[in-house]
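Peer 1: Pasting a structure below so you can have a look.
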Amino acid sequence: MNYYWLIQALGYWSLTLFVVPKEYIKKLLLFSFVGGFIYTWVVQYMAVQIFELWEYKSDLLTWQEIPFFFVMSWFGVTLLYGYLLMKYSKYQLYILFLFVGWTTLANYIPQRSGIFIAKNWSPSTTLMFALFSHIFLLYLLKWINGVEEIGTKDDLLNLK
């Protein structure tokens, strides 16, 4: 039995609960449920069951060959992402790139370990899809929580 995704979920949630204050957790719960849990399930279901882009080695708890704790880990990461965007909206582009890099690395490590088996997928494809996903999540946060400070701006790099 493989416990990698359980350990990842525990690590990601520990980091999230350490960094994100309680009042933000309550405020961001809907966003992280929709963006982290539902969106991750939909993407994983399509990739594993419909397009057969990748598969996972057997895990402690799965549904439709998708590790439950994998999805739970991204639920937590999405909460952290939303918090950082709300709290530090001035640095949204840097936060976006940090999480795109994190996602790419978090995909690459289990792939190298043989826990995640890419069939028609690569690290560069992960990078591009992570970029799309995190921009989508940024605008989902803006829509759900009414965060006007994020999104397209005249000076996203804060060079002024």
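Ordering of the structure tokens sets the chain letters (A, B, ...); residue numbers start at 1 within each chain; ligands are numbered from 1 in the order shown.
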With only C-alpha atoms as the counted atoms, please give the residues lying no more than 12 Å from A:Gly151, apart from itself and same-chain residues fewer than 3 positions off, as JSON, numbers by chain.

Peer 2: {"A": [85, 86, 89, 90, 91, 92, 93, 96, 134, 135, 136, 137, 138, 139, 140, 141, 142, 143, 146, 147, 148, 154, 155, 156]}

Peer 1: Excluding stretch 111-120 of chain A and residues on its chain fewer than 3 positions from it, collect all residues at most 12 Å away from it, counting only C-alpha atoms, and give them as a list in words.

Peer 2: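 Once the adjacent positions are removed, what remains is Met1, Asn2, Tyr3, Tyr4, Trp5, Ala47, Val48, Phe51, Glu52, Leu53, Trp54, Glu55, Tyr56, Lys57, Ser58, Asp59, Glu65, Ile66, Pro67, Phe70, Thr104, Leu105, Ala106, Asn107, Tyr108, Pro123, Ser124, Thr125 and Thr126 of chain A.
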
Peer 1: For the residues selected in the previous step, produce a file with N, CA and C atoms as a PDB file, in the first residue's frame.

Peer 2:
ATOM      1  N   MET A   1       0.846  -1.186   0.000  1.00  0.00           N
ATOM      2  CA  MET A   1       0.000   0.000   0.000  1.00  0.00           C
ATOM      3  C   MET A   1       0.887   1.243   0.000  1.00  0.00           C
ATOM      4  N   ASN A   2       0.480   2.225  -0.754  1.00  0.00           N
ATOM      5  CA  ASN A   2       1.232   3.458  -0.927  1.00  0.00           C
ATOM      6  C   ASN A   2       0.619   4.559  -0.048  1.00  0.00           C
ATOM      7  N   TYR A   3       1.439   5.229   0.739  1.00  0.00           N
ATOM      8  CA  TYR A   3       0.966   6.287   1.630  1.00  0.00           C
ATOM      9  C   TYR A   3       1.448   7.675   1.203  1.00  0.00           C
ATOM     10  N   TYR A   4       2.013   7.778   0.017  1.00  0.00           N
ATOM     11  CA  TYR A   4       2.598   9.045  -0.432  1.00  0.00           C
ATOM     12  C   TYR A   4       1.584  10.190  -0.387  1.00  0.00           C
ATOM     13  N   TRP A   5       0.387   9.965  -0.929  1.00  0.00           N
ATOM     14  CA  TRP A   5      -0.597  11.051  -1.034  1.00  0.00           C
ATOM     15  C   TRP A   5      -1.151  11.440   0.330  1.00  0.00           C
ATOM     16  N   ALA A  47      -8.588  13.448 -16.743  1.00  0.00           N
ATOM     17  CA  ALA A  47      -7.245  13.005 -17.131  1.00  0.00           C
ATOM     18  C   ALA A  47      -7.063  11.500 -16.973  1.00  0.00           C
ATOM     19  N   VAL A  48      -7.594  10.930 -15.905  1.00  0.00           N
ATOM     20  CA  VAL A  48      -7.400   9.503 -15.629  1.00  0.00           C
ATOM     21  C   VAL A  48      -8.410   8.646 -16.378  1.00  0.00           C
ATOM     22  N   PHE A  51      -9.390  10.859 -20.749  1.00  0.00           N
ATOM     23  CA  PHE A  51      -8.280  11.055 -21.691  1.00  0.00           C
ATOM     24  C   PHE A  51      -7.107  10.103 -21.463  1.00  0.00           C
ATOM     25  N   GLU A  52      -7.099   9.398 -20.339  1.00  0.00           N
ATOM     26  CA  GLU A  52      -6.030   8.458 -19.996  1.00  0.00           C
ATOM     27  C   GLU A  52      -4.636   9.083 -20.143  1.00  0.00           C
ATOM     28  N   LEU A  53      -4.488  10.271 -19.587  1.00  0.00           N
ATOM     29  CA  LEU A  53      -3.210  10.984 -19.653  1.00  0.00           C
ATOM     30  C   LEU A  53      -2.218  10.473 -18.618  1.00  0.00           C
ATOM     31  N   TRP A  54      -2.726  10.004 -17.485  1.00  0.00           N
ATOM     32  CA  TRP A  54      -1.866   9.472 -16.441  1.00  0.00           C
ATOM     33  C   TRP A  54      -2.643   8.505 -15.573  1.00  0.00           C
ATOM     34  N   GLU A  55      -1.898   7.841 -14.692  1.00  0.00           N
ATOM     35  CA  GLU A  55      -2.513   6.939 -13.722  1.00  0.00           C
ATOM     36  C   GLU A  55      -1.686   6.972 -12.443  1.00  0.00           C
ATOM     37  N   TYR A  56      -2.261   6.433 -11.391  1.00  0.00           N
ATOM     38  CA  TYR A  56      -1.609   6.398 -10.088  1.00  0.00           C
ATOM     39  C   TYR A  56      -1.408   4.956  -9.656  1.00  0.00           C
ATOM     40  N   LYS A  57      -0.316   4.711  -8.942  1.00  0.00           N
ATOM     41  CA  LYS A  57      -0.143   3.412  -8.286  1.00  0.00           C
ATOM     42  C   LYS A  57      -1.212   3.308  -7.209  1.00  0.00           C
ATOM     43  N   SER A  58      -1.546   2.090  -6.825  1.00  0.00           N
ATOM     44  CA  SER A  58      -2.602   1.906  -5.825  1.00  0.00           C
ATOM     45  C   SER A  58      -2.296   2.718  -4.571  1.00  0.00           C
ATOM     46  N   ASP A  59      -3.352   3.215  -3.965  1.00  0.00           N
ATOM     47  CA  ASP A  59      -3.208   4.096  -2.818  1.00  0.00           C
ATOM     48  C   ASP A  59      -4.133   3.635  -1.702  1.00  0.00           C
ATOM     49  N   GLU A  65      -9.969   5.364  -9.460  1.00  0.00           N
ATOM     50  CA  GLU A  65      -8.513   5.275  -9.624  1.00  0.00           C
ATOM     51  C   GLU A  65      -7.785   6.587  -9.325  1.00  0.00           C
ATOM     52  N   ILE A  66      -8.439   7.467  -8.588  1.00  0.00           N
ATOM     53  CA  ILE A  66      -7.859   8.757  -8.198  1.00  0.00           C
ATOM     54  C   ILE A  66      -7.659   8.740  -6.682  1.00  0.00           C
ATOM     55  N   PRO A  67      -6.439   8.992  -6.209  1.00  0.00           N
ATOM     56  CA  PRO A  67      -6.196   8.997  -4.763  1.00  0.00           C
ATOM     57  C   PRO A  67      -6.943  10.139  -4.063  1.00  0.00           C
ATOM     58  N   PHE A  70      -4.708  12.787  -2.532  1.00  0.00           N
ATOM     59  CA  PHE A  70      -4.141  13.705  -3.523  1.00  0.00           C
ATOM     60  C   PHE A  70      -5.061  14.916  -3.666  1.00  0.00           C
ATOM     61  N   THR A 104       4.239  22.140 -10.533  1.00  0.00           N
ATOM     62  CA  THR A 104       5.083  21.405 -11.476  1.00  0.00           C
ATOM     63  C   THR A 104       6.038  20.474 -10.730  1.00  0.00           C
ATOM     64  N   LEU A 105       6.658  20.977  -9.684  1.00  0.00           N
ATOM     65  CA  LEU A 105       7.560  20.156  -8.878  1.00  0.00           C
ATOM     66  C   LEU A 105       6.800  19.040  -8.157  1.00  0.00           C
ATOM     67  N   ALA A 106       5.618  19.369  -7.645  1.00  0.00           N
ATOM     68  CA  ALA A 106       4.801  18.373  -6.936  1.00  0.00           C
ATOM     69  C   ALA A 106       4.311  17.278  -7.876  1.00  0.00           C
ATOM     70  N   ASN A 107       4.307  17.530  -9.166  1.00  0.00           N
ATOM     71  CA  ASN A 107       3.960  16.519 -10.162  1.00  0.00           C
ATOM     72  C   ASN A 107       5.200  15.722 -10.563  1.00  0.00           C
ATOM     73  N   TYR A 108       6.320  16.396 -10.664  1.00  0.00           N
ATOM     74  CA  TYR A 108       7.560  15.780 -11.133  1.00  0.00           C
ATOM     75  C   TYR A 108       8.109  14.754 -10.132  1.00  0.00           C
ATOM     76  N   PRO A 123       6.466  17.056 -17.868  1.00  0.00           N
ATOM     77  CA  PRO A 123       6.630  18.199 -16.964  1.00  0.00           C
ATOM     78  C   PRO A 123       6.315  19.541 -17.640  1.00  0.00           C
ATOM     79  N   SER A 124       6.655  19.686 -18.916  1.00  0.00           N
ATOM     80  CA  SER A 124       6.349  20.951 -19.600  1.00  0.00           C
ATOM     81  C   SER A 124       4.841  21.127 -19.787  1.00  0.00           C
ATOM     82  N   THR A 125       4.125  20.037 -20.011  1.00  0.00           N
ATOM     83  CA  THR A 125       2.666  20.117 -20.110  1.00  0.00           C
ATOM     84  C   THR A 125       2.080  20.472 -18.747  1.00  0.00           C
ATOM     85  N   THR A 126       2.643  19.908 -17.699  1.00  0.00           N
ATOM     86  CA  THR A 126       2.204  20.250 -16.341  1.00  0.00           C
ATOM     87  C   THR A 126       2.385  21.736 -16.091  1.00  0.00           C
TER      88      THR A 126
END

Peer 1: Env of A:Leu6: 12 Å cut, atoms = only C-alpha atoms, seq-sep filter 6 positions within chain, self excluded. Answer as an NGL selection string.

Peer 2: :A and (12-13 or 59-62 or 67-74)

Peer 1: Would you export the selected residues with N, CA and C atoms as a CSV table (one decimal), in the first residue's frame, please?

Peer 2:
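For reference, out03.csv as written:
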chain,number,residue,atom,x,y,z
A,12,TYR,N,0.8,19.3,3.3
A,12,TYR,CA,0.3,20.5,2.8
A,12,TYR,C,-0.7,21.2,3.7
A,13,TRP,N,-1.6,20.4,4.4
A,13,TRP,CA,-2.5,20.9,5.3
A,13,TRP,C,-1.8,21.5,6.5
A,59,ASP,N,-3.4,3.2,-4.0
A,59,ASP,CA,-3.2,4.1,-2.8
A,59,ASP,C,-4.1,3.6,-1.7
A,60,LEU,N,-4.0,4.2,-0.6
A,60,LEU,CA,-4.7,3.9,0.6
A,60,LEU,C,-6.3,4.0,0.4
A,61,LEU,N,-6.7,5.1,-0.3
A,61,LEU,CA,-8.1,5.4,-0.5
A,61,LEU,C,-8.2,6.0,-1.9
A,62,THR,N,-9.0,5.3,-2.8
A,62,THR,CA,-9.1,5.9,-4.1
A,62,THR,C,-10.6,5.8,-4.5
A,67,PRO,N,-6.4,9.0,-6.2
A,67,PRO,CA,-6.2,9.0,-4.8
A,67,PRO,C,-6.9,10.1,-4.1
A,68,PHE,N,-7.7,9.8,-3.1
A,68,PHE,CA,-8.5,10.8,-2.3
A,68,PHE,C,-7.6,11.8,-1.7
A,69,PHE,N,-6.5,11.3,-1.1
A,69,PHE,CA,-5.6,12.2,-0.3
A,69,PHE,C,-4.9,13.2,-1.3
A,70,PHE,N,-4.7,12.8,-2.5
A,70,PHE,CA,-4.1,13.7,-3.5
A,70,PHE,C,-5.1,14.9,-3.7
A,71,VAL,N,-6.3,14.6,-3.8
A,71,VAL,CA,-7.3,15.7,-4.0
A,71,VAL,C,-7.4,16.6,-2.7
A,72,MET,N,-7.4,15.9,-1.5
A,72,MET,CA,-7.4,16.6,-0.3
A,72,MET,C,-6.2,17.6,-0.1
A,73,SER,N,-5.1,17.1,-0.6
A,73,SER,CA,-3.9,18.0,-0.5
A,73,SER,C,-4.0,19.3,-1.3
A,74,TRP,N,-4.6,19.2,-2.4
A,74,TRP,CA,-4.8,20.4,-3.2
A,74,TRP,C,-5.9,21.3,-2.7

Peer 1: Choose the residue, out of A:Phe75, A:Phe97, A:Tyr81, A:Tyr88, that has the smallest atom-to-atom separation from A:Gly36; count only C-alpha atoms.

Peer 2: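 Using only C-alpha atoms, A:Gly36 sits closest to A:Phe75.
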
Peer 1: Just list the residues in chain A DSSP gives strand (DSSP E) on the backbone, as a PyMOL selection string.

Peer 2: chain A and resi 54-56+62-63+66-67+116-118

Peer 1: Report, in Å to a single decimal, how far apart atom CA of A:Val19 and atom CA of A:Tyr83 are.

Peer 2: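 Distance reported for this atom pair: 8.9 Å.
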
Peer 1: Find the distance between atom CA of A:Gly101 and atom CA of A:Leu127 and write it in Å to one decimal.

Peer 2: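 Result for atom CA of A:Gly101 versus atom CA of A:Leu127: 7.3 Å, one decimal.
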
Peer 1: For a quick check of understanding, using only C-alpha atoms, which of A:Val43, A:Ile50, A:Leu98, A:Ile144 has the smallest distance to A:Phe129?

Peer 2: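 For A:Phe129, the nearest of the candidates is A:Val43.
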
Peer 1: Go through A:Thr16, A:Thr78, A:Ser122, A:Ser133 one by one, measure the shortest atom-to-atom distance of each to A:Phe33 using only C-alpha atoms, and give the residue with the smallest value.

Peer 2: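 Once distances to A:Phe33 are computed over only C-alpha atoms, the minimum belongs to A:Thr78.
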
Peer 1: Run DSSP on the backbone and grab whatever in chain A lands in alpha helix (DSSP H); send it over as a PyMOL selection string.

Peer 2: chain A and resi 4-19+22-32+39-45+68-87+92-113+123-145
